[in-house]
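Take a look at the structure below.
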Amino acid sequence: MIPTNKLERLLDRFHAVEAELSSGLAGPAFVKLSKEHAELAPVVEATTAYRGAQRQFEDADALFNDPSTDSEMRSLAEEERAELKVTLEKLEHALKLQLLPKDTADNSSAILEIRAGTGGDEAALFAGDLLKMYQRYCQLQGWKIELMSLSESDLGGIKDAVMDVQGLGVFAKLKFESGVHRVQRVPVTEAGGRIHTSAATVAVLPEAEDVDVVINDKDLRIDVYRAQGAGGQHVNKTESAVRITHLPTGIAVAQQTEKSQHKNKAQAMKLLKARLYDMERTRIDSARASERKSLVGSGDRSERIRTYNFPQGRVTDHRINLTLYKLDRIISGDDLSDVIDALVTEDQAGRLAELESDEA
């Protein structure tokens, strides 16, 4: 059954938000309400579709049960009833999903960080493979990507990389990628042909809006210095690199990718806000952990979540016991959606079961 009281509260809130937005609001209040409006709109659309199908079913049912209906019309009404019953079941399921408690960051863009773990050069090569995988996946989703920082290894892999992914609902798709990714394969540096196990860590942070995180200037220490490494004429000649330290938490971020100090500062602030926002979300989630835990994992970045086994051509996600024998298509990013969509579906199913048990 659809939780009617909750549905009516959400519809009332949607209309109230629409009224406030049309009253001439501006600034942070307008941004915050616009986000809420975007989150509530799918609920309204799903409700409209469901109630419309309900009315059609009731009309067909009334026609079928009307004693004055001739046999031909009754037959047509019966056929329409059967079709609408199937449609109603699908629309009811879709509406229930919309009514599930939502992660407030689901509609956000995201910052994706990849770091080579245990395994030396092979771990760095694997981290580079993961970066390419996510870049391809994001492109297929139509999202805008920007590499914020990249530290390369000697053999062409990466020590670490940070990528900004812009688009609606990015975090909802990518959030389950946080954790330890493990690879099993024969390294290019191994002459004996032995299979090695290496790892890389992925962290996905929701991108914070100004209304999500407020940072006081007095809480920041900003240092500028000359950029290091490859990067053009500005490297080692101008103080374009920026390091920002958030004094209350000790969180420090640095950016040197851009030639402009101003651009590096903006990028560093974006990353700092994301980390502070993620820290606060983690604190709140930890407080709720005893009440509810996602079936697909806690989001703990020390948790081993997936294995890429090259000799067997398989990818296994350990949280949902999913194994797919098309490693090449997944590591290329072309079929990564098969894994991500399965994780999203499993999470929805678990939360839906919770909702239905609460109703019972």
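Chain labels A, B, ... are given in the sequence in which chains occur in the structure tokens; within each chain residues are numbered consecutively from 1, and ligands are likewise numbered from 1 in the order shown.
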Considering only C-alpha atoms, give me a table of residues in stretch 88-115 of chain A that are at most 9 Å from stretch 25-47 of chain A, with the closest atom pair and distance in Å for each, as JSON lines.
```
{"residue": "A:Leu91", "atom": "CA", "partner": "A:Ala46", "partner_atom": "CA", "distance": 7.1}
{"residue": "A:Glu92", "atom": "CA", "partner": "A:Ala46", "partner_atom": "CA", "distance": 8.5}
{"residue": "A:Ala94", "atom": "CA", "partner": "A:Ala46", "partner_atom": "CA", "distance": 6.9}
{"residue": "A:Leu95", "atom": "CA", "partner": "A:Ala46", "partner_atom": "CA", "distance": 5.4}
{"residue": "A:Gln98", "atom": "CA", "partner": "A:Val43", "partner_atom": "CA", "distance": 5.6}
{"residue": "A:Leu99", "atom": "CA", "partner": "A:Val43", "partner_atom": "CA", "distance": 7.1}
{"residue": "A:Thr104", "atom": "CA", "partner": "A:Glu39", "partner_atom": "CA", "distance": 8.9}
{"residue": "A:Asn107", "atom": "CA", "partner": "A:Glu39", "partner_atom": "CA", "distance": 7.6}
```
Okay, now the selection with C-alpha atoms, as a PDB file, in the first residue's frame?
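Output (result-v3.pdb):
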```pdb
ATOM      1  CA  LEU A  91       3.524   2.746 -11.194  1.00  0.00           C
ATOM      2  CA  GLU A  92       2.903   1.830  -7.555  1.00  0.00           C
ATOM      3  CA  ALA A  94       7.887   3.488  -8.938  1.00  0.00           C
ATOM      4  CA  LEU A  95       5.956   5.727  -6.535  1.00  0.00           C
ATOM      5  CA  GLN A  98      10.141   7.927  -4.808  1.00  0.00           C
ATOM      6  CA  LEU A  99       8.758   7.883  -1.250  1.00  0.00           C
ATOM      7  CA  THR A 104      20.088  14.594   0.774  1.00  0.00           C
ATOM      8  CA  ASN A 107      21.148  14.850  -6.577  1.00  0.00           C
TER       9      ASN A 107
END
```
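The nearest approach to A:Asp212 among the residues A:Thr345, A:Ser68, A:Ser23, A:Ser108, with only C-alpha atoms taken into account, belongs to A:Ser108.
Going from atom CA of A:Leu63 over to atom CA of A:Leu84, you cover 13.9 Å.
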Would you compute the distance between atom CA of A:Leu140 and atom CA of A:Tyr325? Give it in Å to one decimal.
21.1 Å
For stretch 196-201 of chain A, list every protein, DNA or RNA residue within 7 Å, evaluated using only C-alpha atoms, and leave out those in the same chain fewer than 2 positions away; present the list as JSON, numbers by chain.
{"A": [114, 115, 116, 117, 118, 119, 122, 123, 127, 179, 180, 181, 182, 183, 184, 185, 186, 187, 194, 203]}
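Nearest residue to A:Asp103, choosing from A:Leu276, A:Met73, A:Ile284, A:Ile330 and counting only C-alpha atoms: A:Ile284.
Across the model, the gap from atom CA of A:Asp164 to atom CA of A:Leu112 is 6.4 Å.
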Please, which residues of stretch 11-129 of chain A, numbered as in this document, come out helix (DSSP H, G or I) from DSSP, as number ranges by chain?
A: 11-21, 27-65, 71-99, 120-129
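Comparing A:Gln348, A:Ser337, A:Ser75, A:Thr69 by their smallest distance to A:Leu174, the closest is A:Ser337 (using only C-alpha atoms).
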Which neighbours of A:Gln139 fall inside 12 Å, counting only C-alpha atoms, when residues of the same chain fewer than 4 positions from it are skipped, and could you give them as a list of chain:residue names?
A:Lys132, A:Met133, A:Tyr134, A:Gln135, A:Trp143, A:Lys144, A:Ile145, A:Glu146, A:Val165, A:Gln166, A:Gly167, A:Val170, A:Ser332, A:Gly333, A:Asp334, A:Leu336, A:Ser337
Can you pull out the residues contacting A:Ser153? Cut-off 12 Å, using only C-alpha atoms, and skip same-chain residues under 2 positions away; I want them as a list in words.
Arg115, Ala116, Gly120, Asp121, Glu122, Ala123, Ala124, Leu125, Phe126, Ala127, Gly128, Leu150, Ser151, Leu155, Gly156, Gly157, Ile158, Lys159, Asp160, Ala161 and Gly229 of chain A
Output C-alpha atoms of each residue in that selection to a file, as a compact mmCIF listing (two decimals), in the first residue's frame.
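Contents of result.txt, freshly written:
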```txt
# COMPACT_ATOMS: atom_id res chain seq x y z
CA ARG A 115 44.68 6.40 -4.74
CA ALA A 116 47.06 3.53 -5.44
CA GLY A 120 53.71 -0.83 -5.81
CA ASP A 121 53.91 -0.14 -9.54
CA GLU A 122 51.10 -2.58 -10.31
CA ALA A 123 48.78 -0.78 -7.87
CA ALA A 124 49.56 2.52 -9.63
CA LEU A 125 48.81 0.97 -13.03
CA PHE A 126 45.51 -0.40 -11.68
CA ALA A 127 44.62 3.03 -10.25
CA GLY A 128 45.19 4.43 -13.74
CA LEU A 150 46.90 13.95 -11.02
CA SER A 151 50.12 12.44 -9.69
CA LEU A 155 55.48 3.30 -15.44
CA GLY A 156 52.48 5.29 -16.62
CA GLY A 157 50.13 4.58 -13.74
CA ILE A 158 48.91 7.07 -11.15
CA LYS A 159 49.70 7.52 -7.48
CA ASP A 160 46.51 9.51 -6.96
CA ALA A 161 43.93 11.50 -8.91
CA GLY A 229 56.70 18.62 -11.39
```
Need to verify the contact set: A:Glu83, 12 Å, only C-alpha atoms, exclusion of same-chain residues closer than 5 positions in sequence. Can you return it as an MDAnalysis selection string?
chainID A and resid 53:54 56:57 60:61 76:78 88:90
Write the residues you've just listed into a file as a compact mmCIF listing (two decimals), in the first residue's frame, and include N, CA and C atoms for each of them.
```txt
# COMPACT_ATOMS: atom_id res chain seq x y z
N ALA A 53 -3.74 6.50 -13.73
CA ALA A 53 -3.99 5.09 -14.06
C ALA A 53 -5.06 4.50 -13.16
N GLN A 54 -5.07 4.94 -11.90
CA GLN A 54 -6.11 4.48 -10.96
C GLN A 54 -7.50 4.85 -11.46
N GLN A 56 -8.40 5.51 -14.53
CA GLN A 56 -8.71 4.73 -15.73
C GLN A 56 -9.15 3.31 -15.37
N PHE A 57 -8.48 2.72 -14.38
CA PHE A 57 -8.85 1.37 -13.94
C PHE A 57 -10.26 1.37 -13.35
N ALA A 60 -12.80 1.56 -16.16
CA ALA A 60 -12.90 0.28 -16.87
C ALA A 60 -13.61 -0.75 -16.01
N ASP A 61 -13.34 -0.73 -14.70
CA ASP A 61 -13.96 -1.68 -13.78
C ASP A 61 -15.47 -1.42 -13.67
N LEU A 76 -13.98 -5.68 -23.97
CA LEU A 76 -12.97 -4.63 -24.12
C LEU A 76 -12.58 -4.07 -22.76
N ALA A 77 -13.58 -3.89 -21.88
CA ALA A 77 -13.32 -3.35 -20.54
C ALA A 77 -12.47 -4.33 -19.73
N GLU A 78 -12.73 -5.63 -19.90
CA GLU A 78 -11.96 -6.63 -19.18
C GLU A 78 -10.49 -6.63 -19.64
N LEU A 88 -0.61 -0.35 -13.18
CA LEU A 88 -0.73 0.17 -11.81
C LEU A 88 0.32 -0.43 -10.89
N GLU A 89 0.62 -1.71 -11.05
CA GLU A 89 1.63 -2.36 -10.21
C GLU A 89 2.99 -1.72 -10.44
N LYS A 90 3.32 -1.44 -11.70
CA LYS A 90 4.60 -0.81 -12.03
C LYS A 90 4.65 0.61 -11.49
```
As a ChimeraX atom specification, please: all residues of stretch 94-244 of chain A that backbone DSSP puts in strand (DSSP E or B).
/A:110-116,144-152,158-166,179-185,196-206,220-225,241-244
Could you dump the residues just selected with N, CA and C atoms as a short mmCIF file (atom, residue, chain, number, x, y, z; two decimals), in the first residue's frame?
```cif
data_model
loop_
_atom_site.label_atom_id
_atom_site.label_comp_id
_atom_site.auth_asym_id
_atom_site.auth_seq_id
_atom_site.Cartn_x
_atom_site.Cartn_y
_atom_site.Cartn_z
N ALA A 110 29.69 15.27 -7.81
CA ALA A 110 30.57 14.55 -6.89
C ALA A 110 32.04 14.79 -7.23
N ILE A 111 32.87 14.58 -6.23
CA ILE A 111 34.33 14.58 -6.42
C ILE A 111 34.81 13.16 -6.16
N LEU A 112 35.50 12.60 -7.15
CA LEU A 112 35.95 11.22 -7.09
C LEU A 112 37.47 11.19 -6.92
N GLU A 113 37.93 10.51 -5.89
CA GLU A 113 39.36 10.42 -5.62
C GLU A 113 39.82 8.97 -5.75
N ILE A 114 40.93 8.76 -6.42
CA ILE A 114 41.51 7.42 -6.58
C ILE A 114 42.95 7.46 -6.08
N ARG A 115 43.31 6.48 -5.24
CA ARG A 115 44.68 6.40 -4.74
C ARG A 115 45.20 4.97 -4.87
N ALA A 116 46.42 4.84 -5.38
CA ALA A 116 47.06 3.53 -5.44
C ALA A 116 47.29 3.02 -4.03
N LYS A 144 29.71 16.02 -17.09
CA LYS A 144 30.91 16.80 -17.38
C LYS A 144 31.99 16.43 -16.37
N ILE A 145 33.19 16.12 -16.85
CA ILE A 145 34.28 15.74 -15.95
C ILE A 145 35.46 16.70 -16.09
N GLU A 146 36.13 16.92 -14.97
CA GLU A 146 37.33 17.77 -14.96
C GLU A 146 38.33 17.18 -14.00
N LEU A 147 39.53 16.94 -14.47
CA LEU A 147 40.60 16.39 -13.63
C LEU A 147 41.16 17.52 -12.78
N MET A 148 40.98 17.42 -11.47
CA MET A 148 41.42 18.47 -10.57
C MET A 148 42.89 18.31 -10.20
N SER A 149 43.34 17.07 -10.07
CA SER A 149 44.76 16.84 -9.79
C SER A 149 45.13 15.43 -10.23
N LEU A 150 46.41 15.24 -10.55
CA LEU A 150 46.90 13.95 -11.02
C LEU A 150 48.38 13.82 -10.67
N SER A 151 48.72 12.74 -10.01
CA SER A 151 50.12 12.44 -9.69
C SER A 151 50.46 11.11 -10.34
N GLU A 152 51.33 11.15 -11.34
CA GLU A 152 51.63 9.96 -12.13
C GLU A 152 52.80 9.17 -11.54
N ILE A 158 49.12 5.86 -11.95
CA ILE A 158 48.91 7.07 -11.15
C ILE A 158 49.02 6.75 -9.66
N LYS A 159 49.63 7.66 -8.93
CA LYS A 159 49.70 7.52 -7.48
C LYS A 159 48.36 7.96 -6.88
N ASP A 160 47.83 9.06 -7.39
CA ASP A 160 46.51 9.51 -6.96
C ASP A 160 45.95 10.48 -7.99
N ALA A 161 44.63 10.59 -8.00
CA ALA A 161 43.93 11.50 -8.91
C ALA A 161 42.65 11.97 -8.26
N VAL A 162 42.27 13.19 -8.58
CA VAL A 162 41.00 13.75 -8.09
C VAL A 162 40.24 14.29 -9.30
N MET A 163 38.99 13.85 -9.46
CA MET A 163 38.18 14.25 -10.62
C MET A 163 36.85 14.84 -10.16
N ASP A 164 36.50 15.97 -10.73
CA ASP A 164 35.23 16.62 -10.46
C ASP A 164 34.23 16.14 -11.50
N VAL A 165 33.08 15.62 -11.05
CA VAL A 165 32.05 15.10 -11.95
C VAL A 165 30.78 15.91 -11.76
N GLN A 166 30.38 16.63 -12.80
CA GLN A 166 29.23 17.53 -12.73
C GLN A 166 28.02 16.93 -13.43
N GLY A 179 35.50 2.66 -1.57
CA GLY A 179 36.02 1.47 -0.91
C GLY A 179 37.30 0.99 -1.58
N VAL A 180 37.73 -0.19 -1.19
CA VAL A 180 38.96 -0.77 -1.74
C VAL A 180 38.62 -1.67 -2.93
N HIS A 181 39.25 -1.38 -4.07
CA HIS A 181 39.09 -2.18 -5.28
C HIS A 181 40.36 -3.02 -5.42
N ARG A 182 40.18 -4.32 -5.64
CA ARG A 182 41.32 -5.24 -5.69
C ARG A 182 41.46 -5.81 -7.10
N VAL A 183 42.69 -5.94 -7.57
CA VAL A 183 42.95 -6.52 -8.89
C VAL A 183 43.85 -7.75 -8.75
N GLN A 184 43.55 -8.77 -9.51
CA GLN A 184 44.38 -9.97 -9.56
C GLN A 184 44.78 -10.20 -11.01
N ARG A 185 46.07 -10.05 -11.31
CA ARG A 185 46.54 -10.25 -12.68
C ARG A 185 48.07 -10.39 -12.68
N HIS A 196 49.59 -11.50 -9.29
CA HIS A 196 49.75 -10.65 -8.10
C HIS A 196 48.40 -10.03 -7.73
N THR A 197 48.27 -9.71 -6.47
CA THR A 197 47.08 -8.99 -6.00
C THR A 197 47.50 -7.60 -5.56
N SER A 198 46.85 -6.61 -6.13
CA SER A 198 47.12 -5.21 -5.78
C SER A 198 45.79 -4.53 -5.49
N ALA A 199 45.88 -3.31 -5.00
CA ALA A 199 44.65 -2.62 -4.63
C ALA A 199 44.75 -1.11 -4.86
N ALA A 200 43.59 -0.51 -4.99
CA ALA A 200 43.48 0.95 -5.07
C ALA A 200 42.23 1.36 -4.28
N THR A 201 42.27 2.54 -3.73
CA THR A 201 41.14 3.04 -2.94
C THR A 201 40.41 4.13 -3.69
N VAL A 202 39.09 4.03 -3.69
CA VAL A 202 38.23 5.03 -4.32
C VAL A 202 37.40 5.71 -3.23
N ALA A 203 37.33 7.02 -3.30
CA ALA A 203 36.46 7.79 -2.39
C ALA A 203 35.60 8.72 -3.23
N VAL A 204 34.30 8.70 -2.97
CA VAL A 204 33.37 9.56 -3.69
C VAL A 204 32.73 10.52 -2.69
N LEU A 205 32.94 11.82 -2.90
CA LEU A 205 32.42 12.85 -2.00
C LEU A 205 31.34 13.64 -2.70
N PRO A 206 30.21 13.88 -2.05
CA PRO A 206 29.21 14.75 -2.66
C PRO A 206 29.73 16.17 -2.70
N LEU A 220 40.65 29.69 8.15
CA LEU A 220 41.48 29.19 7.05
C LEU A 220 42.90 29.75 7.11
N ARG A 221 43.86 28.88 6.78
CA ARG A 221 45.22 29.35 6.52
C ARG A 221 45.52 29.02 5.06
N ILE A 222 45.86 30.03 4.28
CA ILE A 222 46.10 29.84 2.85
C ILE A 222 47.57 30.11 2.56
N ASP A 223 48.24 29.11 2.01
CA ASP A 223 49.65 29.22 1.64
C ASP A 223 49.78 29.10 0.13
N VAL A 224 50.64 29.90 -0.44
CA VAL A 224 50.92 29.79 -1.88
C VAL A 224 52.39 29.42 -2.05
N TYR A 225 52.66 28.64 -3.08
CA TYR A 225 54.03 28.19 -3.31
C TYR A 225 54.19 27.84 -4.79
N ALA A 241 50.63 27.55 -7.03
CA ALA A 241 50.04 26.47 -6.24
C ALA A 241 49.48 27.01 -4.94
N VAL A 242 48.38 26.38 -4.49
CA VAL A 242 47.68 26.87 -3.29
C VAL A 242 47.41 25.71 -2.34
N ARG A 243 47.69 25.94 -1.06
CA ARG A 243 47.33 24.98 -0.02
C ARG A 243 46.43 25.69 0.98
N ILE A 244 45.27 25.09 1.26
CA ILE A 244 44.34 25.68 2.22
C ILE A 244 44.17 24.71 3.38
#
```
